Amino acid sequence: AGPSKLDVANTFNTNLFIGEGAVRFAQELETVTDGKVKLKVHNPGDLVPAFEVFNAVSSGAVPAGWDWIGYWAGTVPVTNLYGALPFGPTPEAFMSWMWADEGTEILQSAYDQYNVKVLPCFISPQETGGWYSKEIKDIKDFEGLRIRISGLGAKVLNKFGASTQLIPGGEIYLALERGRIDATEFSVPQVDQVMGFEEVTKYYYFPGWHQSASWFSFIINKDVWNEYDDATKAKFETACRSTLQWAMAEAPAEQIRTIRKLEEKGIEVKRFPDPVLAELRKAWDEVREEEMKTNPLFAKAYESLMKHSKLVDEWYELQATPR
Amino acid sequence: MLDEYGLAIAMVLALLVGIFSGYPVAFLLGGLGILFAFIGDIPLPFLGTVSSRIFGGVIENWLLIAIPLFVFMGLMLERSGVARNLLLTLQRLFGNVRGGLAVSVALLGVVMAASTGIIGASVVMLGLLALPVMLKQGYKPEMAYGVVAASGTLGILIPPSIMLVLMGSIMQISVGALFKAALVPGLMLGVLYTLYLLLAAWFRPDWAPLASEGGAAEDTEQQAPLAVALLRDLLGPVVLIVAVLGSIMAGIATPTEAAAIGAAGAMLLALFLRQLNVAALRDVCRSTSKTSAMILFVVVGATCFSVVFKRLGGADMIEEMITGTGLGPYGLLLLLMGLIFLLGFFLEWIEISFVILPLLLPVVSELDFGGVLQGDTVLVWFAILVAINLQTSFLTPPFGYALFYLKGITNGSVGIGTIYKSIIPFVLLQLAGLTLCILFPSIVLWLPGLSG
Amino acid sequence: MSCKQLRDDTRLPGWRQSGARWCACLACPLIGLGRWLGQVSSWLVLGVMMAVLATVLMNALGINELMRWDDKVLLLGKAITINTVTELQWHLFGVLTLLGAGYAMHANMHVRVDMLHHRMSPALKHWVEIVGHLVLLIPFCILIAWLSKHMVQMSYVSGEQSNYGGLTDRFLIKGALPTGLLLLALGALGQVFDRLARILDPARDVEENSDAG
Ligand code: NA
Ligand code: NA
């Protein structure tokens, strides 16, 4: 009937909002199963390092994990779309595609060959545009800009001559403080504030164009998953939906509260100028075309997502009233 | 507790027995992990976590790249004679101050502390530079090993420190505040070392002979005037240190990258002094490879040991010990400090930060010591206390990594017993420093402006 | 360890002489291989250094992409970027570390707590090593190498690569882990034979400069 206690390898510390999701999911699951299935959430490094979670769940070394989906883009390229899609849809539209259209199915189809079952249980609102030591007034300001950013957003910035690079998590703070890099993107304000970047940069940029909404998920080894009966599987899903609802409810207002606190500490909140965003958007079209050419599953998912989110947007536009 | 955690306890005991057999520590740690996985009937696939941990924690963890690079730098400076001349000249600078050489080693340790937070790298580099010179001058070996190990580990405490960055993000406190908070305690420890060295040398002159009395005398006979010697022997190393530290401060390099600048600089310096040829370079490369593999395989073995230890209930056992003691704030603080100190005997700082700290956090953030010591301020104070404690754990026998690394570079010529003995006064100094920070929290809180 | 033919000690029983000869013959190539790989790979430390310096330089000059071409090349993919060089650092570092382990073992560099070890007879020291290698090190290496199979396979099947536009073909460095561990196990086996030879024929038990390799 499936194990009554599951070890879950978290890719984030549980004291961060995005890692707390795993704890929340564990609570919900314990409630709906009457305590028959308990999750023990392990901080990153406790069982395996964060970047090894997918591999460990796939091999069965660890039965389950909690992740940011985009972490696996090196292995499963389509996860870039779920983790960090530039100029993507709103969280509401994305959520709708995942749970009322084929979003989850497509992701699952990519995970099948790795023997991993995925439950997308947490969406974080749009991330921020990042922490900058320099002001961005013109698209030319990206020329030679040294920024820590990964994935598709990085490819967009490369088009404008930015030097996108990877700096290990523990060294970002120092690299920013000393000016080894000029900027970094990280997460939502609630998570960013823990990193102390406000102490070492001047500007906090918005919007997070490189990442419209980002998904986090509970992943479980399929052999373990299939040991559970259908009723229990349904309870996992219920707990998952409930966690998702919690995340969506909790997040948006909290980000603004956090930003206010950061502003008090002297950080300047800025928006990328509209012409800059327009240029980035244009470059994204090119990057996306290349990506769709080399990666058919990405193309399929992208077209499906856009088709669906257009319907959602249209509905909201039709219903828009002055507030 | 014995029924439930019997295997976890047995594992620690087996480790203690095993290390005294003299079998290499790295292999013992890894092998015991596997052995106890079988004894504890842990499903085989679980050990797949070990390969993930080795790949993610060692190979892909490029903070560790600093290890071979700093080791290379140390070996190159030793091979080219730069290190020796530097320390001898420093010794002359101190004139007839007894223990002057040891004090200069401690100072060098503090200076280097600012450039690296990787224990293995700084202990090995300092050891390669300073040990031969100190021993040649007739220093009591215990004194020489102690000062190298202790000042080599200061790097993890004195900012910039990767350990503090990690603790900041785990405890949700400002890294900047932690950096500031760690500075005074770190320097204070340096001062404590210095005082001890001067006093010890004063009372036991045979422990720290002057250059004129020791084996180095023949070198000091026909030497250039001090000013010339200073310029000649200090210029290169000073430029090198400035290049390493400066490249971090100027934002040209991260601390890890600065290690490569140091390594390249040492090579250039040797070239400039006409001490570099293919044979020398080959020897340095070969020694670097062996020395850094020696350090890193202790980490590889430990990663296997600890994941099995935790799986057998080790972490739960610790959690049980912490919660439900019913102690007051200071009682609990002492218990936690004692616990971390003990864990430091056989766990790594990364392990302790990631696994133990989160367990302690909810308990600690509730503590109210009165005055300014509440809320976030308690956390900053506590973090620094833990940091000093962890730094000490590198020095405590039987499982002090700094001691192992030191042993590794002496190539079997020194027994670990001597090294264990050598470290005792420094561990006591560490504990004294820790006690001072507990009794006078403003040592920690003054610089970040939290002392109210 | 010595591969040289020693004149047999005629005071020993014949089975011990021939046993020692056989063991030495088996030990010789295994230890030789580990030493040789260690010596060759030790040059990689210069590679690590150059790669880091290249990263620093490219960063200082604000260069992201050094060159780009059309057809995929092993490991490099289609371009050399700053992240190619950054990731090259730990690729080289990984190989250096993995091959260095066996090298350090043959040079007797791995740290031991020798308070009691010092007082043991040479034969007892050899037995500690033999039992340790057979019970602890070799099982560790073989088991972890075997359990790494999934990691390497998955990396190969998925064509795993950097998500920062760095190196491709991640399976190569992932495959280096089991390879390195298996080589270490082979080296340990060589040590076992070597130590057996020394026990069987104490005349072979000559101190050698451990840093000679
Ligand atoms: Na430091
Ligand atoms: Na210790």
# chains A, B, ... in the order shown; residues from 1 in each chain; ligands from 1
call {"tool": "residues_around", "arguments": {"residues": "region 232-234 of chain B", "least_positions_apart": "6", "cutoff": "10 Å", "atoms": "only C-alpha atoms", "output": "ChimeraX atom specification"}}
result
/B:81-90,224,226,240
call {"tool": "residues_near_ligand", "arguments": {"ligand": "ligand 1", "cutoff": "12 Å", "atoms": "only C-alpha atoms and all ligand atoms", "output": "ChimeraX atom specification"}}
result
/A:174 /B:109-119,121-122,151-165,179,182-183,186-187,245,248,255-256,387,391
call {"tool": "residues_near_ligand", "arguments": {"ligand": "ligand 2", "cutoff": "8 Å", "atoms": "only C-alpha atoms and all ligand atoms", "output": "list in words"}}
result
Phe341, Leu342, Leu343, Gly344, Phe345, Phe346, Leu347, Thr392, Ser393, Phe394, Leu395, Thr396, Pro397, Pro398, Phe399, Gly400 and Tyr401 of chain B
call {"tool": "closest_atom_pairs", "arguments": {"of": "chain A", "to": "chain B", "cutoff": "8 Å", "atoms": "only C-alpha atoms", "output": "JSON lines"}}
result
{"residue": "A:Asn13", "atom": "CA", "partner": "B:Ile170", "partner_atom": "CA", "distance": 7.0}
{"residue": "A:Asn15", "atom": "CA", "partner": "B:Ile170", "partner_atom": "CA", "distance": 7.3}
{"residue": "A:Asn43", "atom": "CA", "partner": "B:Phe354", "partner_atom": "CA", "distance": 7.0}
{"residue": "A:Pro44", "atom": "CA", "partner": "B:Phe354", "partner_atom": "CA", "distance": 7.5}
{"residue": "A:Gly45", "atom": "CA", "partner": "B:Phe354", "partner_atom": "CA", "distance": 6.9}
{"residue": "A:Asp46", "atom": "CA", "partner": "B:Val355", "partner_atom": "CA", "distance": 6.2}
{"residue": "A:Leu47", "atom": "CA", "partner": "B:Val307", "partner_atom": "CA", "distance": 6.4}
{"residue": "A:Val48", "atom": "CA", "partner": "B:Arg53", "partner_atom": "CA", "distance": 5.4}
{"residue": "A:Pro49", "atom": "CA", "partner": "B:Gly56", "partner_atom": "CA", "distance": 5.8}
{"residue": "A:Phe51", "atom": "CA", "partner": "B:Gly56", "partner_atom": "CA", "distance": 7.0}
{"residue": "A:Glu52", "atom": "CA", "partner": "B:Ser52", "partner_atom": "CA", "distance": 5.9}
{"residue": "A:Asn55", "atom": "CA", "partner": "B:Ser52", "partner_atom": "CA", "distance": 8.0}
{"residue": "A:Ala56", "atom": "CA", "partner": "B:Thr49", "partner_atom": "CA", "distance": 6.5}
{"residue": "A:Ser59", "atom": "CA", "partner": "B:Pro45", "partner_atom": "CA", "distance": 7.4}
{"residue": "A:Gly60", "atom": "CA", "partner": "B:Pro45", "partner_atom": "CA", "distance": 6.2}
{"residue": "A:Ala61", "atom": "CA", "partner": "B:Phe46", "partner_atom": "CA", "distance": 4.1}
{"residue": "A:Val62", "atom": "CA", "partner": "B:Phe46", "partner_atom": "CA", "distance": 6.4}
{"residue": "A:Pro168", "atom": "CA", "partner": "B:Leu63", "partner_atom": "CA", "distance": 7.7}
{"residue": "A:Gly170", "atom": "CA", "partner": "B:Val165", "partner_atom": "CA", "distance": 6.0}
{"residue": "A:Glu171", "atom": "CA", "partner": "B:Thr254", "partner_atom": "CA", "distance": 7.2}
{"residue": "A:Tyr173", "atom": "CA", "partner": "B:Val165", "partner_atom": "CA", "distance": 7.8}
{"residue": "A:Leu174", "atom": "CA", "partner": "B:Thr254", "partner_atom": "CA", "distance": 7.2}
{"residue": "A:Ala175", "atom": "CA", "partner": "B:Thr254", "partner_atom": "CA", "distance": 5.8}
{"residue": "A:Glu177", "atom": "CA", "partner": "B:Gly251", "partner_atom": "CA", "distance": 7.9}
{"residue": "A:Arg178", "atom": "CA", "partner": "B:Gly251", "partner_atom": "CA", "distance": 4.2}
{"residue": "A:Gly179", "atom": "CA", "partner": "B:Gly251", "partner_atom": "CA", "distance": 4.4}
{"residue": "A:Arg180", "atom": "CA", "partner": "B:Gly251", "partner_atom": "CA", "distance": 4.2}
{"residue": "A:Ile181", "atom": "CA", "partner": "B:Gly251", "partner_atom": "CA", "distance": 7.8}
{"residue": "A:Val194", "atom": "CA", "partner": "B:Gln172", "partner_atom": "CA", "distance": 5.1}
{"residue": "A:Met195", "atom": "CA", "partner": "B:Ser169", "partner_atom": "CA", "distance": 5.8}
{"residue": "A:Gly196", "atom": "CA", "partner": "B:Ser174", "partner_atom": "CA", "distance": 5.3}
{"residue": "A:Glu199", "atom": "CA", "partner": "B:Gly176", "partner_atom": "CA", "distance": 6.8}
call {"tool": "closest_residue", "arguments": {"among": "B:Leu195, B:Met188, B:Leu436, B:Ile34", "to": "Gly99 (chain B)", "atoms": "only C-alpha atoms"}}
result
B:Leu195
call {"tool": "select_by_dssp", "arguments": {"residues": "region 197-432 of chain B", "states": "helix (DSSP H, G or I)", "output": "PyMOL selection string"}}
result
chain B and resi 197-203+205-207+217-220+226-249+255-272+278-311+314-322+329-343+349-365+376-393+401-409+416-432
call {"tool": "residues_around", "arguments": {"residues": "region 78-92 of chain A", "least_positions_apart": "6", "cutoff": "8 Å", "atoms": "only C-alpha atoms", "output": "tab-separated table (two decimals) with N, CA, C and O atoms, in the first residue's frame"}}
result
chain	number	residue	atom	x	y	z
A	68	TRP	N	12.47	23.22	-7.75
A	68	TRP	CA	12.11	24.22	-8.74
A	68	TRP	C	12.30	23.50	-10.07
A	68	TRP	O	13.38	22.95	-10.34
A	69	ILE	N	11.23	23.47	-10.88
A	69	ILE	CA	11.25	22.61	-12.06
A	69	ILE	C	12.40	22.97	-13.02
A	69	ILE	O	13.00	22.10	-13.64
A	70	GLY	N	12.72	24.24	-13.08
A	70	GLY	CA	13.75	24.68	-14.02
A	70	GLY	C	15.15	24.16	-13.75
A	70	GLY	O	16.02	24.23	-14.61
A	71	TYR	N	15.37	23.63	-12.55
A	71	TYR	CA	16.69	23.10	-12.24
A	71	TYR	C	17.12	21.98	-13.18
A	71	TYR	O	18.30	21.73	-13.36
A	72	TRP	N	16.15	21.29	-13.78
A	72	TRP	CA	16.51	20.10	-14.55
A	72	TRP	C	16.66	20.38	-16.04
A	72	TRP	O	16.68	19.46	-16.85
A	107	LEU	N	4.59	17.85	-19.25
A	107	LEU	CA	5.73	17.73	-18.36
A	107	LEU	C	5.93	16.27	-17.96
A	107	LEU	O	7.04	15.73	-18.00
A	110	ALA	N	7.58	14.14	-20.45
A	110	ALA	CA	9.04	14.29	-20.52
A	110	ALA	C	9.73	13.54	-19.37
A	110	ALA	O	10.87	13.13	-19.49
A	123	ILE	N	3.38	27.53	-7.17
A	123	ILE	CA	3.81	28.49	-8.19
A	123	ILE	C	4.28	29.73	-7.47
A	123	ILE	O	3.63	30.18	-6.51
A	124	SER	N	5.43	30.22	-7.84
A	124	SER	CA	5.85	31.47	-7.23
A	124	SER	C	5.49	32.56	-8.22
A	124	SER	O	5.52	32.34	-9.42
A	125	PRO	N	5.08	33.72	-7.72
A	125	PRO	CA	4.74	34.79	-8.65
A	125	PRO	C	5.98	35.14	-9.47
A	125	PRO	O	7.08	34.69	-9.15
A	126	GLN	N	5.77	35.93	-10.48
A	126	GLN	CA	6.85	36.43	-11.29
A	126	GLN	C	8.04	36.83	-10.42
A	126	GLN	O	7.87	37.51	-9.42
A	151	GLY	N	19.69	29.88	-18.11
A	151	GLY	CA	18.57	29.49	-18.96
A	151	GLY	C	18.30	30.41	-20.14
A	151	GLY	O	19.20	31.02	-20.72
A	152	LEU	N	17.01	30.51	-20.50
A	152	LEU	CA	16.63	31.23	-21.70
A	152	LEU	C	16.84	32.73	-21.56
A	152	LEU	O	17.22	33.41	-22.52
A	153	GLY	N	16.59	33.26	-20.36
A	153	GLY	CA	16.81	34.69	-20.14
A	153	GLY	C	18.25	35.07	-20.43
A	153	GLY	O	18.53	36.15	-20.98
A	209	TRP	N	11.15	39.98	-16.45
A	209	TRP	CA	10.74	39.58	-17.80
A	209	TRP	C	11.23	38.19	-18.16
A	209	TRP	O	10.66	37.50	-19.00
A	210	HIS	N	12.34	37.77	-17.53
A	210	HIS	CA	12.96	36.49	-17.91
A	210	HIS	C	12.20	35.31	-17.34
A	210	HIS	O	12.52	34.17	-17.60
A	211	GLN	N	11.20	35.59	-16.53
A	211	GLN	CA	10.55	34.50	-15.82
A	211	GLN	C	9.16	34.95	-15.40
A	211	GLN	O	9.00	35.64	-14.42
A	212	SER	N	8.16	34.55	-16.17
A	212	SER	CA	6.84	35.11	-15.91
A	212	SER	C	6.22	34.51	-14.65
A	212	SER	O	5.60	35.20	-13.86
A	213	ALA	N	6.37	33.23	-14.49
A	213	ALA	CA	5.85	32.57	-13.30
A	213	ALA	C	6.70	31.34	-13.18
A	213	ALA	O	7.16	30.82	-14.19
A	214	SER	N	6.94	30.87	-11.99
A	214	SER	CA	7.77	29.69	-12.00
A	214	SER	C	7.22	28.60	-11.09
A	214	SER	O	6.73	28.86	-10.00
A	215	TRP	N	7.33	27.40	-11.60
A	215	TRP	CA	6.71	26.26	-10.95
A	215	TRP	C	7.68	25.47	-10.10
A	215	TRP	O	8.85	25.29	-10.45
A	216	PHE	N	7.15	25.00	-9.00
A	216	PHE	CA	7.88	24.11	-8.11
A	216	PHE	C	7.05	22.84	-7.99
A	216	PHE	O	5.84	22.89	-8.13
A	281	ARG	N	12.02	41.88	-25.59
A	281	ARG	CA	10.93	41.07	-26.11
A	281	ARG	C	11.24	40.61	-27.53
A	281	ARG	O	11.01	39.46	-27.88
A	284	TRP	N	13.84	37.99	-27.51
A	284	TRP	CA	13.26	36.74	-27.01
A	284	TRP	C	12.61	35.96	-28.16
A	284	TRP	O	12.72	34.75	-28.23
A	295	ASN	N	14.13	21.92	-30.34
A	295	ASN	CA	13.50	21.16	-29.27
A	295	ASN	C	12.00	21.04	-29.51
A	295	ASN	O	11.23	21.91	-29.10
A	297	LEU	N	9.60	19.22	-28.26
A	297	LEU	CA	8.70	19.18	-27.12
A	297	LEU	C	8.48	20.58	-26.56
A	297	LEU	O	7.37	20.95	-26.17
A	298	PHE	N	9.55	21.37	-26.57
A	298	PHE	CA	9.43	22.76	-26.14
A	298	PHE	C	8.44	23.50	-27.04
A	298	PHE	O	7.57	24.23	-26.57
A	301	ALA	N	4.87	22.41	-26.22
A	301	ALA	CA	4.41	22.97	-24.95
A	301	ALA	C	4.17	24.47	-25.09
A	301	ALA	O	3.16	24.99	-24.61
A	302	TYR	N	5.08	25.15	-25.77
A	302	TYR	CA	4.96	26.61	-25.88
A	302	TYR	C	3.69	26.99	-26.64
A	302	TYR	O	2.92	27.86	-26.20
A	306	MET	N	0.53	29.02	-25.04
A	306	MET	CA	0.14	30.33	-25.54
A	306	MET	C	-1.30	30.35	-26.01
A	306	MET	O	-2.04	31.30	-25.78
A	309	SER	N	-3.39	30.38	-22.81
A	309	SER	CA	-3.34	31.60	-22.01
A	309	SER	C	-4.00	32.77	-22.75
A	309	SER	O	-4.47	33.72	-22.13
call {"tool": "interface_residues", "arguments": {"of": "chain C", "to": "chain A", "cutoff": "10 Å", "atoms": "only C-alpha atoms", "output": "PyMOL selection string"}}
result
chain C and resi 55-56+58-65+81-84+86-87+147-152+154-166+168+170
call {"tool": "write_last_selection", "arguments": {"atoms": "N, CA, C and O atoms", "output": "tab-separated table (two decimals), in the first residue's frame"}}
result
chain	number	residue	atom	x	y	z
C	55	THR	N	38.95	32.82	-17.07
C	55	THR	CA	37.65	33.32	-16.63
C	55	THR	C	37.78	34.74	-16.10
C	55	THR	O	36.99	35.63	-16.45
C	56	VAL	N	38.76	34.95	-15.24
C	56	VAL	CA	38.97	36.27	-14.65
C	56	VAL	C	39.22	37.30	-15.75
C	56	VAL	O	38.63	38.39	-15.75
C	58	MET	N	38.46	37.12	-19.03
C	58	MET	CA	37.28	37.34	-19.87
C	58	MET	C	36.25	38.19	-19.15
C	58	MET	O	35.59	39.03	-19.73
C	59	ASN	N	36.13	37.96	-17.84
C	59	ASN	CA	35.18	38.75	-17.06
C	59	ASN	C	35.61	40.21	-17.00
C	59	ASN	O	34.79	41.11	-17.18
C	60	ALA	N	36.90	40.41	-16.76
C	60	ALA	CA	37.39	41.78	-16.65
C	60	ALA	C	37.18	42.54	-17.95
C	60	ALA	O	36.89	43.73	-17.96
C	61	LEU	N	37.33	41.82	-19.08
C	61	LEU	CA	37.18	42.47	-20.38
C	61	LEU	C	35.73	42.48	-20.85
C	61	LEU	O	35.44	42.99	-21.93
C	62	GLY	N	34.84	41.88	-20.05
C	62	GLY	CA	33.43	41.85	-20.44
C	62	GLY	C	33.16	40.99	-21.67
C	62	GLY	O	32.22	41.21	-22.41
C	63	ILE	N	34.02	39.98	-21.87
C	63	ILE	CA	33.81	39.10	-23.02
C	63	ILE	C	32.92	37.94	-22.60
C	63	ILE	O	33.18	37.29	-21.59
C	64	ASN	N	31.87	37.68	-23.35
C	64	ASN	CA	31.05	36.53	-23.03
C	64	ASN	C	31.37	35.35	-23.94
C	64	ASN	O	31.58	34.25	-23.50
C	65	GLU	N	31.43	35.65	-25.24
C	65	GLU	CA	31.65	34.57	-26.18
C	65	GLU	C	32.98	34.76	-26.89
C	65	GLU	O	33.25	35.83	-27.44
C	81	THR	N	32.36	30.01	-24.47
C	81	THR	CA	31.93	31.19	-23.75
C	81	THR	C	32.67	31.25	-22.41
C	81	THR	O	33.41	30.33	-22.07
C	82	ILE	N	32.41	32.31	-21.68
C	82	ILE	CA	33.05	32.43	-20.36
C	82	ILE	C	32.63	31.27	-19.47
C	82	ILE	O	33.39	30.77	-18.66
C	83	ASN	N	31.39	30.79	-19.68
C	83	ASN	CA	30.92	29.69	-18.86
C	83	ASN	C	31.54	28.35	-19.27
C	83	ASN	O	31.64	27.44	-18.45
C	84	THR	N	31.94	28.24	-20.53
C	84	THR	CA	32.70	27.06	-20.94
C	84	THR	C	33.96	26.96	-20.10
C	84	THR	O	34.29	25.90	-19.55
C	86	THR	N	34.60	28.50	-17.25
C	86	THR	CA	34.28	28.34	-15.84
C	86	THR	C	34.03	26.87	-15.52
C	86	THR	O	34.51	26.34	-14.52
C	87	GLU	N	33.24	26.22	-16.37
C	87	GLU	CA	32.93	24.82	-16.08
C	87	GLU	C	34.12	23.91	-16.34
C	87	GLU	O	34.28	22.87	-15.69
C	147	LEU	N	26.83	2.03	-8.33
C	147	LEU	CA	25.63	2.82	-8.10
C	147	LEU	C	25.66	4.15	-8.85
C	147	LEU	O	24.65	4.83	-8.94
C	148	SER	N	26.82	4.53	-9.37
C	148	SER	CA	26.90	5.76	-10.18
C	148	SER	C	26.40	5.51	-11.59
C	148	SER	O	26.23	6.45	-12.37
C	149	LYS	N	26.18	4.24	-11.91
C	149	LYS	CA	25.81	3.88	-13.27
C	149	LYS	C	24.58	4.66	-13.72
C	149	LYS	O	24.53	5.20	-14.82
C	150	HIS	N	23.58	4.71	-12.83
C	150	HIS	CA	22.33	5.39	-13.19
C	150	HIS	C	22.57	6.85	-13.55
C	150	HIS	O	22.05	7.36	-14.53
C	151	MET	N	23.39	7.50	-12.72
C	151	MET	CA	23.69	8.91	-12.92
C	151	MET	C	24.34	9.15	-14.29
C	151	MET	O	23.96	10.07	-15.02
C	152	VAL	N	25.28	8.29	-14.64
C	152	VAL	CA	25.99	8.46	-15.90
C	152	VAL	C	25.07	8.15	-17.08
C	152	VAL	O	25.02	8.90	-18.07
C	154	MET	N	21.80	8.25	-17.23
C	154	MET	CA	20.77	9.27	-17.41
C	154	MET	C	21.36	10.49	-18.09
C	154	MET	O	20.74	11.09	-18.97
C	155	SER	N	22.56	10.84	-17.68
C	155	SER	CA	23.22	12.00	-18.26
C	155	SER	C	23.48	11.78	-19.75
C	155	SER	O	23.30	12.68	-20.57
C	156	TYR	N	23.87	10.53	-20.08
C	156	TYR	CA	24.17	10.23	-21.48
C	156	TYR	C	22.89	10.22	-22.32
C	156	TYR	O	22.81	10.86	-23.37
C	157	VAL	N	21.87	9.51	-21.83
C	157	VAL	CA	20.62	9.38	-22.58
C	157	VAL	C	19.98	10.76	-22.82
C	157	VAL	O	19.48	11.05	-23.90
C	158	SER	N	20.01	11.60	-21.80
C	158	SER	CA	19.33	12.89	-21.94
C	158	SER	C	20.19	13.91	-22.67
C	158	SER	O	19.72	15.00	-22.99
C	159	GLY	N	21.46	13.57	-22.92
C	159	GLY	CA	22.35	14.55	-23.53
C	159	GLY	C	22.55	15.74	-22.61
C	159	GLY	O	22.57	16.89	-23.04
C	160	GLU	N	22.67	15.47	-21.31
C	160	GLU	CA	22.75	16.55	-20.33
C	160	GLU	C	23.88	17.53	-20.64
C	160	GLU	O	24.97	17.13	-21.01
C	161	GLN	N	23.57	18.80	-20.48
C	161	GLN	CA	24.58	19.83	-20.69
C	161	GLN	C	24.34	21.00	-19.77
C	161	GLN	O	23.36	21.03	-19.05
C	162	SER	N	25.27	21.92	-19.80
C	162	SER	CA	25.17	23.10	-18.96
C	162	SER	C	23.92	23.90	-19.29
C	162	SER	O	23.52	23.99	-20.44
C	163	ASN	N	23.31	24.49	-18.26
C	163	ASN	CA	22.19	25.39	-18.51
C	163	ASN	C	22.66	26.84	-18.56
C	163	ASN	O	21.86	27.76	-18.55
C	164	TYR	N	23.95	27.01	-18.59
C	164	TYR	CA	24.51	28.36	-18.65
C	164	TYR	C	25.26	28.58	-19.97
C	164	TYR	O	26.08	29.47	-20.07
C	165	GLY	N	25.01	27.69	-20.94
C	165	GLY	CA	25.74	27.81	-22.19
C	165	GLY	C	27.20	27.46	-22.02
C	165	GLY	O	28.06	27.99	-22.71
C	166	GLY	N	27.50	26.55	-21.11
C	166	GLY	CA	28.88	26.12	-20.90
C	166	GLY	C	29.15	24.82	-21.64
C	166	GLY	O	28.80	24.68	-22.81
C	168	THR	N	29.04	20.91	-22.88
C	168	THR	CA	28.02	19.89	-23.16
C	168	THR	C	28.57	18.53	-22.73
C	168	THR	O	29.62	18.46	-22.12
C	170	ARG	N	27.83	16.26	-20.43
C	170	ARG	CA	28.11	16.15	-19.01
C	170	ARG	C	28.42	14.71	-18.58
C	170	ARG	O	29.03	14.48	-17.55
call {"tool": "closest_atom_pairs", "arguments": {"of": "chain C", "to": "chain B", "cutoff": "7 Å", "atoms": "only C-alpha atoms", "output": "CSV"}}
result
residue,atom,partner,partner_atom,distance
C:Gln39,CA,B:Arg286,CA,6.1
C:Ser42,CA,B:Arg286,CA,5.2
C:Trp43,CA,B:Cys285,CA,5.8
C:Val45,CA,B:Cys285,CA,6.6
C:Met49,CA,B:Ala260,CA,5.2
C:Val52,CA,B:Glu257,CA,6.0
C:Leu53,CA,B:Ala260,CA,6.5
C:Val56,CA,B:Ala253,CA,6.1
C:Ala60,CA,B:Ile252,CA,6.5
C:Trp90,CA,B:Trp62,CA,5.6
C:Phe93,CA,B:Ile65,CA,6.5
C:Gly94,CA,B:Ile59,CA,4.7
C:Leu96,CA,B:Ser289,CA,6.7
C:Thr97,CA,B:Ala293,CA,5.1
C:Gly100,CA,B:Ala293,CA,5.2
C:Ala101,CA,B:Ala293,CA,5.1
C:Tyr103,CA,B:Lys290,CA,6.3
C:Ala104,CA,B:Lys290,CA,4.6
C:Met109,CA,B:Gly408,CA,6.1
C:His110,CA,B:Met294,CA,5.3
C:Val111,CA,B:Gly408,CA,5.3
C:Arg112,CA,B:Pro24,CA,4.4
C:Val113,CA,B:Gly22,CA,5.1
C:Asp114,CA,B:Gly22,CA,4.9
C:Met115,CA,B:Gly417,CA,5.5
C:Leu116,CA,B:Phe20,CA,6.3
C:His117,CA,B:Gly22,CA,5.1
C:Val128,CA,B:Tyr23,CA,6.5
C:Glu129,CA,B:Tyr23,CA,6.3
C:Gly132,CA,B:Tyr23,CA,6.7
C:Leu136,CA,B:Gly31,CA,3.9
C:Leu137,CA,B:Phe27,CA,5.4
C:Phe140,CA,B:Gly31,CA,5.4
C:Ile144,CA,B:Ser51,CA,5.9
C:Leu147,CA,B:Gly48,CA,5.3
C:Ser148,CA,B:Ser51,CA,5.6
call {"tool": "select_by_dssp", "arguments": {"residues": "region 123-319 of chain A", "states": "strand (DSSP E)", "output": "ChimeraX atom specification"}}
result
/A:123-124,130-132,146-148,163-165,183-184,203-206,214-221,268-271
call {"tool": "residues_around", "arguments": {"residues": "region 201-203 of chain C", "least_positions_apart": "5", "cutoff": "8 Å", "atoms": "only C-alpha atoms", "output": "ChimeraX atom specification"}}
result
/C:9,12,16-17,20
call {"tool": "write_last_selection", "arguments": {"atoms": "C-alpha atoms", "output": "compact mmCIF listing (two decimals), in the first residue's frame"}}
result
# COMPACT_ATOMS: atom_id res chain seq x y z
CA ASP C 9 66.27 -15.26 0.19
CA LEU C 12 62.84 -18.85 3.36
CA ARG C 16 57.01 -18.14 0.46
CA GLN C 17 59.59 -17.21 -2.13
CA ALA C 20 56.16 -13.31 -2.87
call {"tool": "residues_around", "arguments": {"residues": "region 97-103 of chain A", "least_positions_apart": "4", "cutoff": "7 Å", "atoms": "only C-alpha atoms", "output": "list of chain:residue names"}}
result
A:Ala93, A:Leu107, A:Leu305, A:His308
call {"tool": "residues_around", "arguments": {"residues": "Gln191 (chain C)", "least_positions_apart": "4", "cutoff": "10 Å", "atoms": "only C-alpha atoms", "output": "list in words"}}
result
Met1, Cys23, Ala24, Leu26, Ala27, Cys28, Leu30, Ile31, Met105, His106, His126, Glu129, Ile130, His133, Ala185, Leu186, Gly187, Arg195, Leu196 and Ala197 of chain C
